[in-house]
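Trainee: Quick one, model-v8.cif (mmCIF, C-alpha atoms):
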```
data_input
loop_
_atom_site.label_atom_id
_atom_site.label_comp_id
_atom_site.auth_asym_id
_atom_site.auth_seq_id
_atom_site.Cartn_x
_atom_site.Cartn_y
_atom_site.Cartn_z
CA MET D 376 118.13 89.09 128.68
CA GLY D 377 115.72 86.65 127.01
CA ILE D 378 112.36 85.40 128.16
CA ASN D 379 112.58 82.62 130.74
CA LEU D 380 110.13 80.22 129.17
CA GLY D 381 110.72 77.70 131.90
CA CYS D 382 108.65 79.83 134.26
CA ILE D 383 105.58 79.54 132.05
CA GLY D 384 105.22 75.85 131.27
CA GLU D 385 106.76 73.00 129.37
CA VAL D 386 108.02 73.81 125.94
CA LEU D 387 106.49 71.64 123.24
CA THR D 388 108.91 69.54 121.23
CA ASN D 389 109.36 69.54 117.48
CA SER D 390 107.57 66.23 117.08
CA GLU D 391 104.37 67.44 118.66
CA HIS D 392 101.40 69.02 116.93
CA VAL D 393 99.18 71.92 117.82
CA LEU D 394 95.68 72.85 116.75
CA ARG D 395 94.63 76.33 115.77
CA GLY D 396 91.05 77.55 115.54
CA LEU D 397 90.38 79.43 112.31
CA ASN D 398 87.94 82.31 112.66
CA PRO D 399 85.79 82.37 109.49
CA LYS D 400 86.00 86.15 109.50
CA HIS D 401 89.71 85.82 108.81
CA CYS D 402 89.48 83.16 106.15
CA GLU D 403 89.16 83.65 102.42
CA ASP D 404 87.73 81.08 100.05
CA GLY D 405 87.74 78.60 102.90
CA LEU D 406 91.43 79.03 103.65
CA PRO D 407 93.12 80.82 106.56
CA THR D 408 94.75 84.16 105.97
CA GLU D 409 97.35 86.04 107.96
CA GLY D 410 94.47 87.36 110.05
CA CYS D 411 94.22 83.94 111.72
CA PHE D 412 97.79 84.20 112.98
CA ILE D 413 98.23 87.71 114.24
CA VAL D 414 101.39 87.90 116.33
CA LYS D 415 102.51 91.18 117.83
CA ALA D 416 105.47 92.45 119.77
CA THR D 417 102.99 93.70 122.34
CA ASP D 418 101.50 90.27 123.07
CA PRO D 419 101.94 89.48 126.77
CA VAL D 420 104.75 87.00 127.34
CA ASN D 421 102.52 84.78 129.47
CA ASP D 422 99.39 85.14 127.33
CA GLY D 423 100.24 84.64 123.69
CA PRO D 424 98.08 83.26 120.85
CA SER D 425 96.23 80.09 121.90
CA TYR D 426 96.67 76.63 120.46
CA GLY D 427 95.47 73.21 121.49
CA ILE D 428 97.96 70.38 121.93
CA HIS D 429 96.83 67.78 119.48
CA LEU D 430 96.20 64.25 120.57
CA ALA D 431 95.77 62.04 117.56
CA PRO D 432 93.60 58.89 117.79
CA PRO D 433 95.61 55.90 119.08
CA ASP D 434 95.61 54.16 115.71
CA GLN D 435 97.26 57.13 113.99
CA GLU D 436 100.34 57.71 116.08
CA ALA D 437 102.25 55.84 118.72
CA VAL D 438 101.68 57.78 121.91
CA PRO D 439 104.43 57.11 124.42
CA LEU D 440 103.69 56.73 128.09
CA GLY D 441 103.90 59.92 130.08
CA VAL D 442 103.11 62.20 127.17
CA ARG D 443 101.47 65.46 128.07
CA GLN D 444 97.69 65.75 127.87
CA GLY D 445 96.42 66.38 124.38
CA ILE D 446 93.08 67.07 122.82
CA THR D 447 91.36 65.68 119.77
CA ALA D 448 90.14 67.94 117.01
CA GLU D 449 86.52 67.13 117.87
CA ILE D 450 86.92 68.19 121.48
CA PHE D 451 89.04 71.18 120.46
CA LEU D 452 86.13 72.42 118.36
CA THR D 453 84.03 72.60 121.53
CA LYS D 454 86.59 74.98 123.04
CA LEU D 455 86.29 77.45 120.17
CA PRO D 456 83.85 80.38 120.24
CA ASN D 457 81.44 78.68 117.83
CA PRO D 458 81.19 75.62 115.57
CA SER D 459 81.75 77.65 112.40
CA TYR D 460 85.44 77.87 113.18
CA GLY D 461 87.85 75.81 111.11
CA ILE D 462 90.70 73.78 112.59
CA ALA D 463 94.26 73.50 111.35
CA ARG D 464 96.90 71.14 112.62
CA LEU D 465 100.48 72.33 112.66
CA ASN D 466 103.66 70.45 113.44
CA VAL D 467 105.62 72.38 116.04
CA GLY D 468 108.99 71.79 114.39
CA GLN D 469 107.75 72.78 110.97
CA ALA D 470 105.97 75.86 112.29
CA LEU D 471 109.09 77.15 113.98
CA GLN D 472 111.76 75.96 111.55
CA ASN D 473 112.38 79.41 110.15
CA VAL D 474 112.74 81.10 113.52
CA ILE D 475 115.03 78.59 115.20
CA GLY D 476 117.22 80.25 117.76
CA SER D 477 115.01 83.31 117.99
CA GLY D 478 113.27 82.16 121.15
CA VAL D 479 109.86 81.52 119.66
CA ARG D 480 108.19 78.52 121.29
CA PHE D 481 104.91 76.81 121.91
CA VAL D 482 104.53 76.28 125.64
CA GLN D 483 101.95 74.38 127.60
CA LYS D 484 99.79 76.59 129.73
CA ASP D 485 96.70 75.51 131.63
CA ASP D 486 93.48 77.19 130.62
CA GLU D 487 90.82 76.83 133.28
CA ASP D 488 88.11 77.57 130.72
CA TRP D 489 88.94 74.22 129.12
CA GLY D 490 87.86 72.33 132.25
CA GLU D 491 89.12 68.76 132.28
CA HIS D 492 91.21 69.51 129.21
CA ARG D 493 92.92 72.52 130.77
CA ALA D 494 96.35 70.98 130.41
CA ALA D 495 95.87 70.47 126.67
CA HIS D 496 96.14 74.21 126.11
CA SER D 497 99.28 75.88 124.83
CA MET D 498 100.32 79.25 123.60
CA MET D 499 102.96 80.76 121.35
CA THR D 500 105.45 83.03 123.01
CA GLY D 501 108.93 84.39 122.48
CA HIS D 502 107.82 86.08 119.26
CA GLN D 503 107.64 89.40 121.08
CA GLN D 504 111.33 89.88 120.41
CA LEU D 505 111.11 89.49 116.66
CA GLN D 506 111.37 92.42 114.31
CA ARG D 507 108.18 93.56 112.65
CA SER D 508 109.20 92.18 109.27
CA THR D 509 109.85 88.75 110.77
CA LEU D 510 106.52 88.82 112.62
CA ASN D 511 104.86 89.40 109.24
CA ASP D 512 106.97 86.63 107.70
CA LEU D 513 105.87 84.29 110.49
CA LYS D 514 102.15 84.92 110.29
CA ARG D 515 102.27 84.58 106.50
CA TYR D 516 104.11 81.29 106.82
CA LEU D 517 101.77 79.96 109.52
CA ALA D 518 98.76 80.79 107.34
CA LYS D 519 100.27 78.80 104.48
CA LEU D 520 101.11 75.92 106.77
CA ALA D 521 97.61 75.93 108.17
CA SER D 522 96.15 75.80 104.66
CA GLN D 523 98.02 72.54 104.17
CA GLY D 524 96.98 71.12 107.54
CA MET D 525 93.26 71.80 107.57
CA LEU D 526 91.26 69.30 109.60
CA LYS D 527 88.02 71.21 109.37
CA ALA D 528 87.14 74.01 106.99
CA PRO D 529 85.60 77.16 108.43
CA VAL D 530 81.95 77.78 107.73
CA THR D 531 81.50 81.13 106.01
CA GLY D 532 78.49 83.01 104.80
CA MET G 168 62.52 115.16 62.70
CA SER G 169 63.82 113.17 59.74
CA ALA G 170 64.01 109.40 59.79
CA ARG G 171 67.77 109.60 59.78
CA ALA G 172 67.82 111.94 62.74
CA ARG G 173 65.36 109.75 64.60
CA ARG G 174 67.52 106.72 63.90
CA LYS G 175 70.59 108.56 65.10
CA GLU G 176 68.84 109.67 68.26
CA LYS G 177 67.66 106.15 68.93
CA GLU G 178 71.20 104.82 68.45
CA SER G 179 72.52 107.49 70.74
CA GLU G 180 69.96 106.60 73.41
CA LYS G 181 71.31 103.09 73.49
CA GLU G 182 74.63 104.52 74.55
CA ASN G 183 73.16 106.54 77.38
CA PRO G 184 73.33 105.18 80.88
CA PHE G 185 70.02 104.33 82.44
CA PHE G 186 68.57 103.23 85.75
CA GLY G 187 67.77 99.59 86.15
CA PHE G 188 67.66 96.78 88.64
CA LEU G 189 70.15 94.16 89.67
CA TYR G 190 68.34 90.86 89.62
CA THR G 191 70.97 88.80 91.34
CA ASP G 192 74.24 89.09 93.16
CA ASN G 193 75.95 87.40 90.28
CA PRO G 194 79.45 88.82 90.39
CA ASP G 195 79.65 88.67 86.62
CA PHE G 196 76.80 91.07 86.37
CA HIS G 197 78.54 94.33 86.85
CA GLU G 198 77.05 97.46 88.19
CA ALA G 199 77.42 100.93 86.94
CA THR G 200 77.04 104.50 87.81
CA CYS G 201 75.34 107.24 86.00
CA THR G 202 73.85 110.59 86.63
CA LYS G 203 71.29 110.65 83.89
CA PRO G 204 67.92 109.04 84.42
CA PRO G 205 66.20 107.33 81.53
CA ALA G 206 64.02 109.41 79.24
CA SER G 207 60.99 107.32 80.09
CA ARG G 208 60.06 104.94 82.79
CA THR G 209 59.34 102.03 80.56
CA ALA G 210 59.42 98.53 81.87
CA PHE G 211 62.95 97.31 82.36
CA ARG G 212 63.76 94.12 80.54
CA PHE G 213 66.28 91.68 81.84
CA SER G 214 67.36 90.91 78.30
CA ASP G 215 68.35 94.54 77.90
CA ALA G 216 70.39 94.42 81.09
CA VAL G 217 72.31 91.36 80.00
CA ARG G 218 73.79 93.33 77.16
CA TYR G 219 75.02 96.04 79.43
CA VAL G 220 78.01 95.66 81.66
CA ASN G 221 80.09 98.24 83.31
CA CYS G 222 82.01 99.12 86.31
CA SER G 223 82.03 102.04 88.56
CA THR G 224 80.54 103.11 91.81
CA ILE G 225 77.07 101.88 92.52
CA VAL G 226 74.41 104.48 92.82
CA ARG G 227 71.89 103.05 95.21
CA HIS G 228 68.67 104.70 94.23
CA VAL G 229 66.20 103.29 96.70
CA GLY G 230 62.61 103.60 95.68
CA TRP G 231 62.90 103.08 91.96
CA GLN G 232 60.48 100.64 90.50
CA CYS G 233 59.49 100.02 86.94
CA GLY G 234 55.96 99.17 85.91
CA SER G 235 54.06 96.66 87.97
CA THR G 236 56.90 94.26 88.57
CA PRO G 237 56.94 93.20 92.20
CA ARG G 238 59.53 95.10 94.16
CA SER G 239 60.64 91.98 95.99
CA ILE G 240 62.23 90.60 92.86
CA PHE G 241 64.75 93.40 92.73
CA PRO G 242 67.33 93.33 95.50
CA ARG G 243 68.62 96.76 94.68
CA ALA G 244 68.35 99.50 92.16
CA VAL G 245 71.41 100.35 90.15
CA VAL G 246 72.30 102.24 87.04
CA TYR G 247 73.54 100.56 83.93
CA GLN G 248 75.83 101.87 81.31
CA PRO G 249 76.24 100.30 77.91
CA TYR G 250 79.64 98.85 77.16
CA ASN G 251 79.26 97.79 73.60
CA ARG G 252 80.48 100.99 72.14
CA ARG G 253 81.06 100.43 68.50
CA THR G 254 84.45 101.42 67.14
CA GLU G 255 86.12 101.15 63.82
CA SER G 256 88.37 98.33 64.93
CA PRO G 257 87.85 95.04 66.78
CA VAL G 258 91.20 95.66 68.47
CA LEU G 259 89.93 98.92 69.88
CA ASP G 260 86.78 97.14 70.95
CA GLU G 261 88.90 94.65 72.86
CA LEU G 262 90.92 97.43 74.45
CA SER G 263 87.73 99.17 75.46
CA ILE G 264 86.44 96.01 77.09
CA ALA G 265 89.75 95.42 78.86
CA THR G 266 89.71 98.97 80.16
CA GLN G 267 86.24 98.52 81.50
CA ARG G 268 87.23 95.24 83.09
CA THR G 269 89.98 97.06 84.98
CA THR G 270 87.53 99.73 86.01
CA VAL G 271 85.10 97.07 87.23
CA MET G 272 87.75 95.50 89.35
CA LEU G 273 88.78 98.82 90.86
CA SER G 274 85.19 99.69 91.54
CA ASP G 275 84.66 96.39 93.35
CA LEU G 276 87.77 96.92 95.40
CA ARG G 277 86.84 100.48 96.22
CA ARG G 278 83.43 99.37 97.39
CA LYS G 279 84.85 96.49 99.43
CA ILE G 280 87.34 98.71 101.23
CA SER G 281 84.72 101.37 101.85
CA ASP G 282 82.56 98.71 103.49
CA PHE G 283 85.34 98.01 105.98
CA GLY G 284 84.34 101.29 107.56
CA LEU G 285 81.03 99.73 108.55
CA LEU G 286 82.69 97.16 110.78
CA LYS G 287 82.05 97.78 114.43
CA ALA G 288 84.23 96.88 117.40
CA ASN G 289 84.48 93.12 117.94
CA TRP G 290 83.40 92.51 114.34
CA ASP G 291 85.15 89.15 114.36
CA GLY G 292 83.86 88.00 117.74
CA GLU G 293 87.38 88.15 119.14
CA ASP G 294 87.69 91.81 120.11
CA ALA G 295 88.77 93.03 116.68
CA GLN G 296 89.13 96.76 116.43
CA PRO G 297 87.05 98.73 113.96
CA ILE G 298 88.69 100.32 110.94
CA THR G 299 89.10 103.99 111.75
CA PRO G 300 88.09 106.68 109.26
CA GLU G 301 91.73 107.67 108.99
CA THR G 302 92.79 104.14 108.09
CA LEU G 303 89.98 103.93 105.59
CA ALA G 304 90.89 107.24 103.98
CA THR G 305 94.53 106.18 103.66
CA ALA G 306 93.57 102.79 102.23
CA LEU G 307 91.42 104.46 99.60
CA GLN G 308 94.30 106.76 98.73
CA VAL G 309 96.48 103.69 98.28
CA LEU G 310 93.81 102.26 96.03
CA GLU G 311 93.75 105.38 93.91
CA ARG G 312 97.52 105.13 93.40
CA LEU G 313 97.05 101.49 92.55
CA ALA G 314 94.36 102.45 90.05
CA LEU G 315 96.74 104.80 88.28
CA VAL G 316 99.19 101.97 87.71
CA LEU G 317 96.56 99.47 86.63
CA GLU G 318 94.88 101.86 84.24
CA ARG G 319 98.22 102.80 82.76
CA LYS G 320 99.13 99.14 82.30
CA ASN G 321 95.55 98.14 81.52
CA ILE G 322 95.76 95.14 83.78
CA ALA G 323 92.83 93.37 85.39
CA SER G 324 94.99 91.65 88.01
CA ARG G 325 93.93 92.63 91.49
CA PRO G 326 95.04 92.45 95.10
CA SER G 327 92.89 90.98 97.84
CA ALA G 328 91.85 93.35 100.60
CA ARG G 329 90.96 92.38 104.14
CA PRO G 330 90.42 94.10 107.46
CA PHE G 331 92.66 92.86 110.23
CA PRO G 332 91.71 92.49 113.89
CA ASP G 333 94.15 95.21 114.91
CA GLY G 334 92.16 97.73 112.84
CA SER G 335 94.48 97.78 109.86
CA VAL G 336 93.62 97.19 106.22
CA PHE G 337 95.70 94.52 104.53
CA LEU G 338 96.19 94.32 100.79
CA LYS G 339 97.92 91.30 99.33
CA TRP G 340 98.93 90.85 95.75
CA ILE G 341 100.37 87.72 94.21
CA GLN G 342 101.62 87.85 90.66
CA GLY G 343 103.73 85.01 89.38
CA GLN G 344 106.40 84.32 91.97
CA LYS G 345 106.09 87.72 93.61
CA GLU G 346 103.99 88.64 96.59
CA LEU G 347 103.34 92.16 97.78
CA ALA G 348 101.67 93.02 101.06
CA ILE G 349 100.56 96.56 101.86
CA THR G 350 99.35 97.28 105.37
CA VAL G 351 97.53 100.49 106.16
CA GLN G 352 96.92 101.74 109.66
CA ASP G 353 95.85 105.31 110.27
CA ARG G 354 98.26 107.29 108.10
CA THR G 355 100.98 104.66 108.05
CA VAL G 356 101.51 102.56 104.95
CA GLU G 357 103.91 99.61 104.97
CA ALA G 358 104.96 97.49 102.00
CA GLN G 359 106.62 94.11 102.16
CA HIS G 360 107.90 91.92 99.32
CA TRP G 361 108.44 88.18 98.99
CA GLN G 362 110.05 86.41 96.09
CA PRO G 363 109.75 83.52 95.30
CA LEU G 364 106.42 82.65 96.87
CA ASP G 365 107.82 79.89 99.05
CA ALA G 366 110.44 82.16 100.58
CA PHE G 367 109.95 82.62 104.31
CA ARG G 368 111.89 85.81 104.71
CA SER G 369 110.74 88.90 102.89
CA GLU G 370 113.02 91.03 100.77
CA GLY G 371 112.21 93.98 102.94
CA LEU G 372 109.62 95.91 104.89
CA TRP G 373 109.27 99.59 104.04
CA GLN G 374 107.24 102.31 105.57
CA ILE G 375 106.22 104.30 102.53
CA SER G 376 104.30 107.35 101.52
CA ILE G 377 101.16 107.22 99.41
CA ASP G 378 103.16 108.48 96.45
CA ASP G 379 105.54 105.52 96.75
CA VAL G 380 102.74 102.98 96.28
CA PRO G 381 103.00 102.87 92.46
CA GLU G 382 106.65 101.87 92.69
CA HIS G 383 105.72 98.79 94.72
CA ILE G 384 102.81 97.95 92.45
CA ASP G 385 105.20 98.15 89.51
CA TRP G 386 107.51 95.72 91.30
CA VAL G 387 104.86 93.04 91.68
CA LEU G 388 103.55 93.48 88.15
CA THR G 389 106.89 93.29 86.34
#
```
Would you encode the structure as structure tokens?
Mentor:
Amino acid sequence: MGINLGCIGEVLTNSEHVLRGLNPKHCEDGLPTEGCFIVKATDPVNDGPSYGIHLAPPDQEAVPLGVRQGITAEIFLTKLPNPSYGIARLNVGQALQNVIGSGVRFVQKDDEDWGEHRAAHSMMTGHQQLQRSTLNDLKRYLAKLASQGMLKAPVTG
Amino acid sequence: MSARARRKEKESEKENPFFGFLYTDNPDFHEATCTKPPASRTAFRFSDAVRYVNCSTIVRHVGWQCGSTPRSIFPRAVVYQPYNRRTESPVLDELSIATQRTTVMLSDLRRKISDFGLLKANWDGEDAQPITPETLATALQVLERLALVLERKNIASRPSARPFPDGSVFLKWIQGQKELAITVQDRTVEAQHWQPLDAFRSEGLWQISIDDVPEHIDWVLT
């Protein structure tokens, strides 16, 4: 029996983008490492790794009516533990293209700590069912993807 | 003592390791180890140090100070060992330098991994676990096996080493189109291969023994 993701929140579509905070302690030479994307089989189904749902400025993308709440990178930075964090933007479809059919998803999940932006919070889930080797494959791939989608470099030193 | 003997002794002294001071954190300025203090506490000259490079474990000898030079200039005391050992052949000289380069790299890596043991709980601000002594000991054993391969092949290529928030030590090595990841947690060592670099799926994940490490190092280096 698989995870019923419908009980958690809306599943993000392939055309959407998510934001990931990059802890400087897990970056090397200014780029994210696998340490920024730890995914484990023991992650709670309803409390997986956190991502923001990216809302690009209106002049960058056509935002259809009724789209879910998103968050800009600038506001996302205020939700991170401190301003030294970097930010990477990942396309949902691209991030999950190698695990299609495995049940891995980004799902919207309110985070009350985000206040008025609570609905712009999402998490990754479904990865709990992956084999250990695939979990390692995924975090390696996400780190590479994040390196290509950096919006803000982490501040180290 | 004859002039010849004095000259020979003086030449020999140049080869002896000696205590000195690291002026900067310049990574090109390698540190050394030694167990023999200098014959005399003469003033240490930076120009002398520039000629001496080496690589091994740092001996932190707190309290050493030469002459009247202000202590604040010297971030830490180290020991230097001459590298310019004269041989009969420039090829052998090059080999000697290459060998020392490998030793420098291994020394740096050994020191870096040892420092992981200083990380306390929540070292990343996100509830990261500390690196246990057992994990550290295993990681250093992996490094020793790695050293055997590198010294045999006389290669200066090196893996990166990082602590992970789950308390594991992660070594990653990219060479050409091959990528090797070794994860150490407590006594468990796992190796995973990717080839080519843009492949998503790995060629395999193996739980290995310490003695199997050289086989995986050989894979990434060949």
Trainee: Where does chain D meet chain G within 9 Å, residue by residue, with the nearest atom pair and distance in Å to one decimal for each, counting only C-alpha atoms, listed by chain and rising number, as a tab-separated table?
Mentor:
```
residue	atom	partner	partner_atom	distance
D:Asn398	CA	G:Asp291	CA	7.6
D:Pro399	CA	G:Asp291	CA	8.4
D:Lys400	CA	G:Asp291	CA	5.8
D:His401	CA	G:Phe331	CA	7.8
D:Glu409	CA	G:Phe331	CA	8.6
D:Gly410	CA	G:Phe331	CA	5.8
D:Ile413	CA	G:Pro332	CA	8.1
D:Pro456	CA	G:Gly292	CA	8.0
D:Asn473	CA	G:Phe367	CA	7.1
D:Arg507	CA	G:Leu372	CA	8.2
D:Ser508	CA	G:Leu372	CA	5.8
D:Thr509	CA	G:Arg368	CA	7.0
D:Asn511	CA	G:Ser369	CA	8.7
D:Asp512	CA	G:Arg368	CA	5.8
D:Leu513	CA	G:Phe367	CA	7.6
D:Arg515	CA	G:Phe367	CA	8.2
D:Tyr516	CA	G:Phe367	CA	6.5
```
Trainee: From the set D:Thr453, D:Ser477, D:Thr408, D:Ser390, which residue has the shortest atom-to-atom contact distance to G:Leu338, counting all atoms listed in the file?
Mentor: D:Thr408
Trainee: Show which residues sit within 6 Å of stretch 349-357 of chain G, as a list in words. Count only C-alpha atoms, and ignore same-chain residues fewer than 4 positions away.
Mentor: Glu301, Thr302, Thr305, Ser335, Val336, Phe337, Leu338, Trp373, Gln374 and Ile375 of chain G
Trainee: For this structure, which residues satisfy the selection - the PyMOL selection byres ((chain D and resi 531) around 10) - when it is evaluated on the file as given? I want them as a list of chain:residue names.
Mentor: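 After applying the PyMOL selection byres ((chain D and resi 531) around 10), what remains is D:Asn398, D:Pro399, D:Lys400, D:His401, D:Cys402, D:Glu403, D:Asp404, D:Gly405, D:Ser459, D:Tyr460, D:Gly461, D:Ala528, D:Pro529, D:Val530, D:Gly532.
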Trainee: Might you spell out which residues the PyMOL selection byres ((chain G and resi 281-283) around 10) would select in the displayed file, as an MDAnalysis selection string?
Mentor: chainID G and resid 275:280 284:287 297:300 302:304 306:307 328:331 334:336
Trainee: Can you work out the spacing between atom CA of G:Thr389 and atom CA of G:Pro326 in Å, to one decimal?
Mentor: 14.8 Å
Trainee: For the atom pair atom CA of D:Gly427 and atom CA of D:Gly490, what is the interatomic distance in Å to one decimal place?
Mentor: 13.2 Å
Trainee: Got a sec to resolve the PyMOL selection byres ((chain D and resi 448) around 10) on this structure and send the residues as a PyMOL selection string?
Mentor: chain D and resi 393-396+427-432+445-447+449-454+462-464+526-527
Trainee: Figure out the distance between atom CA of G:Gln308 and atom CA of D:Val414, please, to one decimal in Å.
Mentor: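 Computed distance, atom CA of D:Val414 to atom CA of G:Gln308, equals 26.8 Å.
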Trainee: Neighbourhood query: residues within 6 Å of (106.5, 71.3, 128.5), file coordinates, counting all atoms listed in the file; return as a PDB file with C-alpha atoms, in the coordinates of the input.
Mentor:
```
ATOM      1  CA  GLY D 384     105.220  75.850 131.270  1.00  0.00           C
ATOM      2  CA  GLU D 385     106.760  73.000 129.370  1.00  0.00           C
ATOM      3  CA  VAL D 386     108.020  73.810 125.940  1.00  0.00           C
ATOM      4  CA  LEU D 387     106.490  71.640 123.240  1.00  0.00           C
ATOM      5  CA  GLN D 483     101.950  74.380 127.600  1.00  0.00           C
TER       6      GLN D 483
END
```
Trainee: Do you know which residues are at most 10 Å from stretch 469-471 of chain D counting only C-alpha atoms, after dropping those on the same chain fewer than 2 positions away, and could you put them as number ranges by chain?
Mentor: D: 389-393, 465-467, 473-481, 513, 516-517, 520-521
Trainee: Taking into account all atoms listed in the file, which residue in the set D:Gly423, D:Pro458, D:Phe412, D:Pro407 is nearest to D:Ser497?
Mentor: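 Using all atoms listed in the file, the shortest distance to D:Ser497 belongs to D:Gly423.
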Trainee: Quick one: of G:Gln342, G:Ser169, G:Thr269, G:Ser274, who's nearest to G:Asp385, counting all atoms listed in the file?
Mentor: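 The closest residue to G:Asp385 is G:Gln342.
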Trainee: Neighbouring residues of D:Lys484 were defined as those with any atom within 9 Å, considering only C-alpha atoms; residues of the same chain fewer than 6 positions away were excluded. Please report them as a VMD selection string.
Mentor: chain D and resid 383 to 385 421 to 422 493 to 498
Trainee: I'd like to know which of D:Asp418, D:Arg443, D:Thr388, D:Tyr426 is closest to D:Leu510, using all atoms listed in the file.
Mentor: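 Smallest separation from D:Leu510 among the options: D:Asp418.
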Trainee: Identify the residues within 10 Å of coordinate (101.0, 83.5, 96.8) (same frame as the file), considering all atoms listed in the file, and give the answer as a list in words.
Mentor: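 Every residue inside that radius is included here: Arg515 and Lys519 of chain D; Lys339, Trp340, Ile341, Gln342, Gly343, Gln344, Lys345, Glu346, Leu347, Trp361, Gln362, Pro363, Leu364 and Asp365 of chain G.
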